[in-house]
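Worksheet for the structure shown next.
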Amino acid sequence: MATIRDVAKEAGVSVATVSRVLNENGYVHEDTRKRVATAMEELNYSPNEVARSLYKKKSKLIGLLLPDITNPFFPQLARGVEDEMQKEGFRLLFGNSDEQPEKEFDYIHTFVQNNVVGIISATNDRSETNYKDLSIPVVFLDQTSKDYPSVYGDGREGGRTAAREMVRRGSRRITLLKGPAHIQPAQDRFQGALEYLSESNVDFYVMGTTSFAFEEAKKWAKELFETYPDTDGVLASNDIVATAVLHEALRLEKSIPKEVQIIGFDDIPQSSLLFPSLSTMRQPAYEMGKEAAHLLIKLMRKEYVEQNHVEMPVTFIERETTREVEGNE
C-alpha cells in the first residue's frame, strides 16, 4: 500500500507539500497540485481519514452501533443511515454490540479514539451510562430516550394493531409471545397487544422469550404448541420468531392460516419470501435510519431541531399467514 512518502517521491515534492495538498492548508502552485494528484492516482493512494481529521480538527466519521447484525432488520436501518450520511460527505464506522453492555462500551471508546463527530446507537441498553460523558451528539435509533434525541417506530400502537387484526380475522385462542425484557421495542409492542387482547372477548396466553435468535426461537415454537395445543393465532415478537413458529406449525401439519394464523413484526425482506408468506407489522426501517442520520447532522451542525423525538408509524402488511376479514368489516 502506497504511503505519503511514496506520493512525494513520485511527484518530486516534499512530504510537507503533499500534506498541504491533502489538507488544503497553505499555498501550493497549481502545477504542483496537479503532479501530486496524478501521483496519488497512479499509486492508488488513499489518505488516512482519521489522521487527516485530527490534523484539520475536522472529521467526517460517524459511529453506528447495532445490537445484532445477523437480524435482517438492522442492516435496513444501517442502509438508511449510510445513504443519508453519504449525501453529506460522511463515512460510517460500524459496531456490533451483540446486546452486551461491555462490548457496547468498547465500541464507543473505539469510535471516540477514531475522532467520530457523532454517534447513532440502535442498541438496547436502557441505562445510557455509556453515553453520558460524551462531548459529541448522540441519536438513539429504534428506541426511545428521555435524555437523547431518538427515532423509533410506534411499537405500542403496532402491537394493538396486530392484536386487532388477529381478532378481526377470527382467532379466539391467541398466544402472545412476549419479547426479551431488556429490549424496549419488544416490550412496547407486547404492551400494546396485551392491552387490546385484555379488552377483547377472546382467550389468550402469554409466553416469555429471552432473545430474537432463530435457533432459540425454534425451541420456543415447539414449546408453544406443546403447552398451548389449541392455539389458533400467534402474535410473534418479531419476524424471526414468527418464522420459527411458522416452521413448527407446518412440521405439525397445521393448516396455515385456516387452523393457525401468525403475525410477525418488522417486515424484514425475507418475510415476503416465506411460503406461505408472512403477515406482519411493517416498521419503516430504512426511513427510520435516514431520519436518524438527518437528525444527527442537524445536531452536529448546531442547527435548530424542531422535534428531538421522532415517532414513525407502523402498518399492517397482509400476506398468507392470516385469513381475509369476513363480512363487510
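Within each chain, counting starts at residue 1; across the C-alpha cells, chains are named A, B, ... in the order shown, with ligands numbered 1 upward in that order.
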Do a neighbour search on Phe140 of chain A at 12 Å with only C-alpha atoms, toss out local chain neighbours closer than 2 positions, and write the hits as a PyMOL selection string.
chain A and resi 63-66+77+81+118-126+128+131+137-138+142-153+288-289+291-293+295-296+308-311
For those residues, write C-alpha atoms to a file as a PDB file, in the first residue's frame.
```
ATOM      1  CA  GLY A  63     -20.146   5.851  14.621  1.00  0.00           C
ATOM      2  CA  LEU A  64     -23.109   3.500  14.085  1.00  0.00           C
ATOM      3  CA  LEU A  65     -23.741   0.896  16.767  1.00  0.00           C
ATOM      4  CA  LEU A  66     -26.120  -2.019  16.126  1.00  0.00           C
ATOM      5  CA  LEU A  77     -31.665   0.639   9.473  1.00  0.00           C
ATOM      6  CA  VAL A  81     -28.257   5.890   7.874  1.00  0.00           C
ATOM      7  CA  GLY A 118     -21.410  11.873  16.197  1.00  0.00           C
ATOM      8  CA  ILE A 119     -22.905   8.506  17.143  1.00  0.00           C
ATOM      9  CA  ILE A 120     -26.138   6.752  16.193  1.00  0.00           C
ATOM     10  CA  SER A 121     -26.958   3.873  18.514  1.00  0.00           C
ATOM     11  CA  ALA A 122     -29.607   1.205  17.962  1.00  0.00           C
ATOM     12  CA  THR A 123     -28.542  -0.900  20.946  1.00  0.00           C
ATOM     13  CA  ASN A 124     -30.827  -1.997  23.756  1.00  0.00           C
ATOM     14  CA  ASP A 125     -29.001  -0.755  26.879  1.00  0.00           C
ATOM     15  CA  ARG A 126     -31.619   1.298  28.693  1.00  0.00           C
ATOM     16  CA  GLU A 128     -27.472   5.006  28.677  1.00  0.00           C
ATOM     17  CA  TYR A 131     -23.013   7.825  26.600  1.00  0.00           C
ATOM     18  CA  PRO A 137     -24.042  14.416  19.785  1.00  0.00           C
ATOM     19  CA  VAL A 138     -25.800  11.060  20.080  1.00  0.00           C
ATOM     20  CA  ASP A 142     -35.244   2.098  17.269  1.00  0.00           C
ATOM     21  CA  GLN A 143     -35.646   3.057  20.905  1.00  0.00           C
ATOM     22  CA  THR A 144     -36.938   5.958  22.958  1.00  0.00           C
ATOM     23  CA  SER A 145     -34.871   8.103  25.292  1.00  0.00           C
ATOM     24  CA  LYS A 146     -35.719  10.868  27.759  1.00  0.00           C
ATOM     25  CA  ASP A 147     -32.254  12.403  27.627  1.00  0.00           C
ATOM     26  CA  TYR A 148     -31.209  11.977  23.994  1.00  0.00           C
ATOM     27  CA  PRO A 149     -32.795  12.622  20.599  1.00  0.00           C
ATOM     28  CA  SER A 150     -34.344   9.433  19.232  1.00  0.00           C
ATOM     29  CA  VAL A 151     -36.120   7.914  16.240  1.00  0.00           C
ATOM     30  CA  TYR A 152     -38.386   4.920  16.726  1.00  0.00           C
ATOM     31  CA  GLY A 153     -41.442   3.090  15.431  1.00  0.00           C
ATOM     32  CA  MET A 288     -36.023   5.423  10.340  1.00  0.00           C
ATOM     33  CA  GLY A 289     -32.308   5.178   9.549  1.00  0.00           C
ATOM     34  CA  GLU A 291     -34.370  10.215   9.781  1.00  0.00           C
ATOM     35  CA  ALA A 292     -31.806   9.414  12.487  1.00  0.00           C
ATOM     36  CA  ALA A 293     -28.977  10.478  10.178  1.00  0.00           C
ATOM     37  CA  LEU A 295     -31.331  14.476  12.940  1.00  0.00           C
ATOM     38  CA  LEU A 296     -27.697  13.818  13.847  1.00  0.00           C
ATOM     39  CA  ASN A 308     -35.977  15.738  19.122  1.00  0.00           C
ATOM     40  CA  HIS A 309     -38.111  12.590  19.341  1.00  0.00           C
ATOM     41  CA  VAL A 310     -39.476  11.227  16.091  1.00  0.00           C
ATOM     42  CA  GLU A 311     -42.114   8.500  16.256  1.00  0.00           C
TER      43      GLU A 311
END
```
Quick one: everything within 8 Å of Ile108 of chain A, counting only C-alpha atoms, minus sequence neighbours fewer than 4 positions away in the same chain. Send it as an MDAnalysis selection string.
chainID A and resid 63 104 112 130
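The neighbours of Ile4 of chain A here are the residues that come within 8 Å of it, using only C-alpha atoms and leaving out any residue fewer than 3 positions away in the same chain; they are A:Val7, A:Ala8, A:Val15, A:Val18, A:Ser19, A:Tyr45, A:Pro47.
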Could you write those residues out with all heavy atoms, as a compact mmCIF listing (two decimals), in the first residue's frame?
```txt
# COMPACT_ATOMS: atom_id res chain seq x y z
N VAL A 7 4.11 9.00 -2.49
CA VAL A 7 3.48 10.02 -3.33
C VAL A 7 4.44 11.19 -3.53
O VAL A 7 4.60 11.71 -4.65
CB VAL A 7 2.16 10.51 -2.69
CG1 VAL A 7 1.59 11.70 -3.47
CG2 VAL A 7 1.14 9.38 -2.65
N ALA A 8 5.08 11.61 -2.45
CA ALA A 8 6.02 12.74 -2.53
C ALA A 8 7.17 12.42 -3.49
O ALA A 8 7.56 13.27 -4.32
CB ALA A 8 6.56 13.06 -1.14
N VAL A 15 7.23 15.78 1.49
CA VAL A 15 6.07 15.22 2.19
C VAL A 15 5.17 16.35 2.68
O VAL A 15 3.93 16.24 2.65
CB VAL A 15 6.54 14.35 3.38
CG1 VAL A 15 5.35 13.97 4.27
CG2 VAL A 15 7.24 13.09 2.88
N VAL A 18 2.83 17.45 -0.07
CA VAL A 18 1.72 16.50 -0.25
C VAL A 18 0.69 16.70 0.86
O VAL A 18 -0.52 16.69 0.61
CB VAL A 18 2.23 15.04 -0.25
CG1 VAL A 18 1.04 14.08 -0.35
CG2 VAL A 18 3.19 14.81 -1.41
N SER A 19 1.17 16.91 2.08
CA SER A 19 0.27 17.11 3.21
C SER A 19 -0.57 18.37 3.02
O SER A 19 -1.77 18.38 3.32
CB SER A 19 1.09 17.22 4.51
OG SER A 19 0.24 17.44 5.61
N TYR A 45 -3.19 5.84 -4.07
CA TYR A 45 -3.00 6.25 -2.68
C TYR A 45 -4.32 6.70 -2.07
O TYR A 45 -5.05 7.50 -2.65
CB TYR A 45 -1.99 7.39 -2.61
CG TYR A 45 -1.85 7.98 -1.21
CD1 TYR A 45 -1.22 7.27 -0.20
CD2 TYR A 45 -2.36 9.25 -0.93
CE1 TYR A 45 -1.10 7.80 1.07
CE2 TYR A 45 -2.24 9.79 0.35
CZ TYR A 45 -1.61 9.05 1.34
OH TYR A 45 -1.49 9.58 2.60
N PRO A 47 -5.63 8.46 1.41
CA PRO A 47 -5.17 9.09 2.66
C PRO A 47 -5.89 8.55 3.87
O PRO A 47 -7.04 8.11 3.79
CB PRO A 47 -5.52 10.58 2.45
CG PRO A 47 -6.61 10.57 1.43
CD PRO A 47 -6.33 9.39 0.53
```
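Comparing the minimum interatomic distances between Pro180 of chain A and each of A:Leu197, A:Lys219, A:Ile136, A:Ser237, counting only C-alpha atoms, we find that A:Ser237 sits nearest.
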Using only C-alpha atoms, determine which residues lie at most 9 Å from Met207 of chain A, disregarding the query and same-chain residues fewer than 5 positions distant; provide the list as a PyMOL selection string.
chain A and resi 175-179+220+224
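Minimum distance to Glu326 of chain A across A:Ala193, A:Ile240, A:Val167, A:Val21 (counting only C-alpha atoms) occurs at A:Val167.
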With distances taken over only C-alpha atoms, which of A:Leu141, A:Val13, A:Val260, A:Pro67 is nearest to Tyr107 of chain A?
A:Pro67
Can you check which residues of segment 87-256 of chain A DSSP gives as helix (DSSP H, G or I) on the backbone and send them as a PyMOL selection string?
chain A and resi 87+101-113+129-131+155-168+184-199+214-227+239-251
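The two atoms in question, atom CA of Asp68 of chain A and atom CA of Glu216 of chain A, are spaced 14.6 Å apart.
Minimum atom-to-atom distance to Gln76 of chain A, evaluated using only C-alpha atoms, belongs to A:Lys290 out of A:Arg251, A:Lys290, A:Arg5, A:His182.
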Give the strand (DSSP E or B) residues of segment 175-267 of chain A, as DSSP finds them on the backbone, and put them as a PyMOL selection string.
chain A and resi 175-178+203-208+233-235+261-266
Those selected residues, please, written with N, CA, C and O atoms and delivered as a short mmCIF file (atom, residue, chain, number, x, y, z; two decimals), in the first residue's frame.
```
data_model
loop_
_atom_site.label_atom_id
_atom_site.label_comp_id
_atom_site.auth_asym_id
_atom_site.auth_seq_id
_atom_site.Cartn_x
_atom_site.Cartn_y
_atom_site.Cartn_z
N THR A 175 -51.97 -16.92 21.29
CA THR A 175 -50.76 -16.91 22.11
C THR A 175 -49.94 -15.67 21.76
O THR A 175 -49.60 -15.44 20.60
N LEU A 176 -49.65 -14.89 22.78
CA LEU A 176 -48.86 -13.67 22.64
C LEU A 176 -47.45 -13.93 23.13
O LEU A 176 -47.24 -14.25 24.30
N LEU A 177 -46.49 -13.85 22.23
CA LEU A 177 -45.09 -14.08 22.58
C LEU A 177 -44.47 -12.78 23.05
O LEU A 177 -44.31 -11.82 22.27
N LYS A 178 -44.12 -12.75 24.32
CA LYS A 178 -43.51 -11.56 24.91
C LYS A 178 -42.02 -11.56 24.59
O LYS A 178 -41.29 -12.48 24.95
N ASP A 203 -59.84 -15.69 24.38
CA ASP A 203 -58.89 -16.30 25.30
C ASP A 203 -57.49 -16.06 24.77
O ASP A 203 -57.25 -16.16 23.56
N PHE A 204 -56.57 -15.76 25.67
CA PHE A 204 -55.19 -15.60 25.18
C PHE A 204 -54.20 -16.05 26.25
O PHE A 204 -54.50 -16.07 27.44
N TYR A 205 -53.04 -16.45 25.78
CA TYR A 205 -51.95 -16.91 26.64
C TYR A 205 -50.75 -16.01 26.39
O TYR A 205 -50.58 -15.45 25.31
N VAL A 206 -49.89 -15.89 27.39
CA VAL A 206 -48.65 -15.13 27.26
C VAL A 206 -47.48 -16.07 27.49
O VAL A 206 -47.45 -16.81 28.48
N MET A 207 -46.52 -16.01 26.59
CA MET A 207 -45.34 -16.87 26.70
C MET A 207 -44.09 -16.00 26.58
O MET A 207 -43.93 -15.23 25.64
N GLY A 208 -43.20 -16.09 27.57
CA GLY A 208 -42.00 -15.27 27.59
C GLY A 208 -40.89 -15.85 26.72
O GLY A 208 -40.76 -17.06 26.55
N GLY A 233 -53.98 -18.69 16.92
CA GLY A 233 -53.38 -17.44 16.46
C GLY A 233 -52.14 -17.13 17.27
O GLY A 233 -52.13 -17.30 18.50
N VAL A 234 -51.06 -16.71 16.62
CA VAL A 234 -49.81 -16.38 17.31
C VAL A 234 -49.37 -14.97 16.93
O VAL A 234 -49.22 -14.66 15.75
N LEU A 235 -49.19 -14.14 17.95
CA LEU A 235 -48.62 -12.80 17.77
C LEU A 235 -47.17 -12.88 18.19
O LEU A 235 -46.85 -12.98 19.37
N GLN A 261 -53.29 -18.75 12.64
CA GLN A 261 -52.84 -17.52 11.99
C GLN A 261 -51.58 -17.02 12.71
O GLN A 261 -51.42 -17.21 13.91
N ILE A 262 -50.70 -16.38 11.96
CA ILE A 262 -49.43 -15.89 12.52
C ILE A 262 -49.18 -14.47 12.02
O ILE A 262 -49.30 -14.21 10.82
N ILE A 263 -48.84 -13.58 12.95
CA ILE A 263 -48.44 -12.21 12.59
C ILE A 263 -47.09 -11.92 13.23
O ILE A 263 -46.89 -12.10 14.42
N GLY A 264 -46.15 -11.47 12.41
CA GLY A 264 -44.82 -11.10 12.90
C GLY A 264 -44.72 -9.60 13.15
O GLY A 264 -45.72 -8.89 13.25
N PHE A 265 -43.48 -9.12 13.24
CA PHE A 265 -43.24 -7.70 13.47
C PHE A 265 -41.91 -7.31 12.86
O PHE A 265 -40.91 -8.00 13.07
N ASP A 266 -41.87 -6.27 12.09
CA ASP A 266 -40.70 -5.64 11.45
C ASP A 266 -40.83 -5.59 9.94
O ASP A 266 -40.45 -4.62 9.30
#
```
May I ask which of the residues A:Gly12, A:Thr161, A:Asn115, A:Ser272 is the closest one to Lys34 of chain A, counting only C-alpha atoms?
A:Gly12
Please determine, counting only C-alpha atoms, which residue among A:Ser277, A:Ser135, A:Thr129, A:Thr227 has the shortest atom-to-atom distance to His247 of chain A.
A:Ser277
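Note that the spacing between atom CA of Asn71 of chain A and atom CA of Val245 of chain A amounts to 16.6 Å.
Coordinates place atom CA of Ile62 of chain A at a distance of 11.0 Å from atom CA of Gly95 of chain A.
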